[in-house]
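First the structure, in the form of structure tokens, and then the observations on it.
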Amino acid sequence: MALMQLDDPTRRTPPDGFALWALGFRPFYLLAALFAALAIPLWVMVFSGAIALPMQAVWWHAHEMLYGFVSAVIVGFLFTAGRNWTGRPTPAGAALAFLALVWLAGRLAMAFGAGVWGAIIDLAFLPMAASAIARVLWLSKSRKQYFVVAILALLTLCNAAFHLGRLGILSLDPLAALHAALAVIIMLETVIAGRVVPSFTSAAIRGVAQWQRGWLNIAAIVATAIALFGWALLPDARWAPVLSLLAALLQFVRLAGWNPLATRRVPMLWILHASYLWIPIGLTLLAAAEWGWLPRSAGIHALTIGATAGLILGMMTRTALGHTGRAPMASRIETTAFALIQLAATVRVFTIVFIPAAVTAGIHVAATAWTVAFALYLWRYTPFLMRARMDGLSG
């Protein structure tokens, strides 16, 4: 994009200097954590009938968790990883601040307006971010990473379908569009986690026994993609629950090969393994829902709270520490936040599956654990994200 200011990787900044706009992870991790800590308590108030929204409450909740919280983290991560992948600068300075403002405008539009202009404002963020990362990948001929642009394009398409259905412009189910967006996000997690979790584990635990098979990775990714999109877009397909169970089995075997038990004393690792485990759990619960045995919300919350939020919290801590010149070591604050997000997922899913009468109580407990987890992240990481790297390097 012509307006994008590019940062100089060789520039050094005093460690006590202001650096919020130095690299993509800084503003977007901060905004995502702040939004997570505020949006869930707001949702509980909406759920309780204390306040009203200009659209169906469940639409707002699902949309904002995906396109407010998750999308901010994805863009922050890609802008940061993109510079590492290519050696080329990604948006910084005024351009990065402008993108953050566009994201914020989308959140306000969804909270206070339900019309066409609100949709247009909300839709602007991901295409702008996609064009910025696409330019960097194109100039560096980093073809291996082109898939991330496709991911952002698919998320934009799902968002457009959501708004077209919500506004009645086309006969589309808004929730189906959001379920498709969730499927895209889980696929991104499956690909990225498959790259980094085993390597993080082997790097941190010397001599750890691991095994991987290329065919297993491909089979797990393909089966999960077909199962999730079948669940989202073809809910009556008889093959969908069977394929969900197959995908769950493949994902579980894949995870087992990474040796998750070896990470039990390393919080920065076990949070990634424990969160990934929620993917096969979620696929299993979706299969049960497709057979009519459970509500769909059980599998959805396994994938959103357990897998997505858990992986996000684990990656936001690791990458923020690494890219601010700190060792990727978890203090008691991080460990507590990791435990709380796993507690939130467990309580939310457990009450849906086993204690339906306690679902409302489960919502409140899970919301409290979630909110405290992200409040702890903000407490510890806000100074890290706003100040320059400890080593003085750019980023």
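Chain labels follow the order of the structure tokens: the first chain is A, the next B, and so on; residue numbering restarts at 1 in every chain, and ligands are counted from 1 in their shown order.
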
*For A:Ala81, list every protein, DNA or RNA residue within 10 Å, evaluated using only C-alpha atoms, and leave out those in the same chain fewer than 2 positions away; present the list as a PyMOL selection string.*
chain A and resi 24-25+75-79+83-87+90+133+319

If you keep C-alpha atoms, can you produce a file of those selected residues as a compact mmCIF listing (two decimals), in the first residue's frame?
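Just written: again.txt:
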```txt
# COMPACT_ATOMS: atom_id res chain seq x y z
CA GLY A 24 2.65 -4.93 14.32
CA PHE A 25 2.46 -7.14 17.41
CA VAL A 75 -2.72 -9.29 11.89
CA GLY A 76 -0.30 -8.39 14.66
CA PHE A 77 1.33 -11.82 14.39
CA LEU A 78 1.54 -11.74 10.58
CA PHE A 79 3.04 -8.26 10.46
CA ARG A 83 9.32 -9.22 8.67
CA ASN A 84 11.13 -12.30 9.99
CA TRP A 85 10.09 -14.41 6.99
CA THR A 86 11.17 -11.91 4.36
CA GLY A 87 13.66 -9.55 5.97
CA THR A 90 6.14 -4.29 7.51
CA ILE A 133 1.35 -8.31 4.06
CA THR A 319 6.30 -13.51 20.78
```

_Nearby residues (only C-alpha atoms) at most 8 Å from stretch 280-291 of chain A, same-chain spacing under 6 positions excluded, as a PyMOL selection string_ = chain A and resi 228+231+235-236+240-242+244-245+247-249+251-252+298-303

*asked:* Could you check the closest approach to A:Leu175 for each of A:Leu23, A:Ala357, A:Ala237, A:Leu66 and tell me which residue wins, using only C-alpha atoms?
replied: A:Leu66

*Shell of 12 Å around A:Thr80, only C-alpha atoms, local chain residues under 6 positions omitted, as a VMD selection string*: chain A and resid 7 9 21 to 29 73 to 74 86 to 92 96 133 136 316 319 to 320 322 to 324 394 to 395

_Who sits within 9 Å of A:Ala274, only C-alpha atoms, same chain under 5 positions skipped, as number ranges by chain_ = A: 260, 269, 306-307, 310-311, 342

Restrict the selected residues to C-alpha atoms and save them as a PDB file, in the first residue's frame.
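Everything below was put into part-v2.pdb:
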```pdb
ATOM      1  CA  PRO A 260       3.000 -32.975  25.160  1.00  0.00           C
ATOM      2  CA  LEU A 269       5.093 -24.957  26.222  1.00  0.00           C
ATOM      3  CA  GLY A 306      -9.869 -23.774  24.567  1.00  0.00           C
ATOM      4  CA  ALA A 307      -7.993 -23.896  21.260  1.00  0.00           C
ATOM      5  CA  GLY A 310      -5.403 -20.666  24.586  1.00  0.00           C
ATOM      6  CA  LEU A 311      -3.068 -20.651  21.585  1.00  0.00           C
ATOM      7  CA  GLN A 342      -7.921 -23.464  30.382  1.00  0.00           C
TER       8      GLN A 342
END
```

*Identify, on the basis of only C-alpha atoms, every residue whose closest approach to stretch 370-386 of chain A does not exceed 7 Å; exclude the query and any residue fewer than 2 positions from it along the same chain; express the result as a list of chain:residue names.*
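Close residues of stretch 370-386 of chain A: A:Phe18, A:Ala19, A:Leu20, A:Arg26, A:Leu30, A:Ala33, A:Leu34, A:Ala36, A:Ala37, A:Ile40, A:Thr324, A:Ile333, A:Ala337, A:Leu340, A:Ile341, A:Ala344, A:Ala366, A:Ala367, A:Thr368, A:Ala388.
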
*Identify which of the residues A:Ile221, A:Ala134, A:Ile352, A:Val46 lies closest to A:Ala111, counting only C-alpha atoms when measuring atom-to-atom distances.*
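Between A:Ile221, A:Ala134, A:Ile352, A:Val46, the residue approaching A:Ala111 most closely is A:Val46.
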
*Hey, which of A:Gly93, A:Glu189, A:Gly325, A:Ala72 ends up closest to A:Ser275? Count only C-alpha atoms.*
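Comparing A:Gly93, A:Glu189, A:Gly325, A:Ala72 against A:Ser275, the winner is A:Glu189.
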
*Nearest to A:Ala330 among A:Cys158, A:Leu294, A:Ile305, A:Met268, with distances taken over only C-alpha atoms: which residue is it?*
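Using only C-alpha atoms, A:Ala330 sits closest to A:Met268.
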
*Please measure the separation of atom CA of A:Gly68 and atom CA of A:Ala361, giving the value in Å to one decimal.*
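Going from atom CA of A:Gly68 over to atom CA of A:Ala361, I get 25.4 Å.
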
If you take only C-alpha atoms and a cut-off of 10 Å, which residues of stretch 96-115 of chain A touch stretch 61-64 of chain A, and what are their nearest atom pairs and distances in Å to one decimal, in chain and number order, as a tab-separated table?
```
residue	atom	partner	partner_atom	distance
A:Gly106	CA	A:Glu64	CA	9.5
A:Arg107	CA	A:Glu64	CA	7.4
A:Met110	CA	A:Glu64	CA	8.0
A:Ala111	CA	A:Glu64	CA	9.2
```

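Between atom CA of A:Ala369 and atom CA of A:Ala339 there is a distance of 8.9 Å.
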
*What's the 10 Å shell around A:His273, counting only C-alpha atoms, without same-chain residues fewer than 5 positions away, as a count of residues only?*
19

*How would you write, as a PyMOL selection string, the set of residues in stretch 104-238 of chain A that DSSP gives as alpha helix (DSSP H)?*
chain A and resi 104-112+116-123+125-140+147-166+174-204+214-233

_Calculated over only C-alpha atoms, which of the candidates A:Ala161, A:Ala204, A:Ala232, A:Ala32 has the smallest distance to A:Met329?_
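Among A:Ala161, A:Ala204, A:Ala232, A:Ala32, it is A:Ala204 that comes nearest to A:Met329.
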
_Top pick for closest residue to A:Leu233, considering A:Val253, A:Leu178, A:Tyr276, A:Gly207 and counting only C-alpha atoms_ = A:Leu178

*Polymer residues at most 10 Å from A:Val149, only C-alpha atoms, same-chain spacing of 6 or more positions, as an MDAnalysis selection string*: chainID A and resid 78 126:127 129:135 137 155
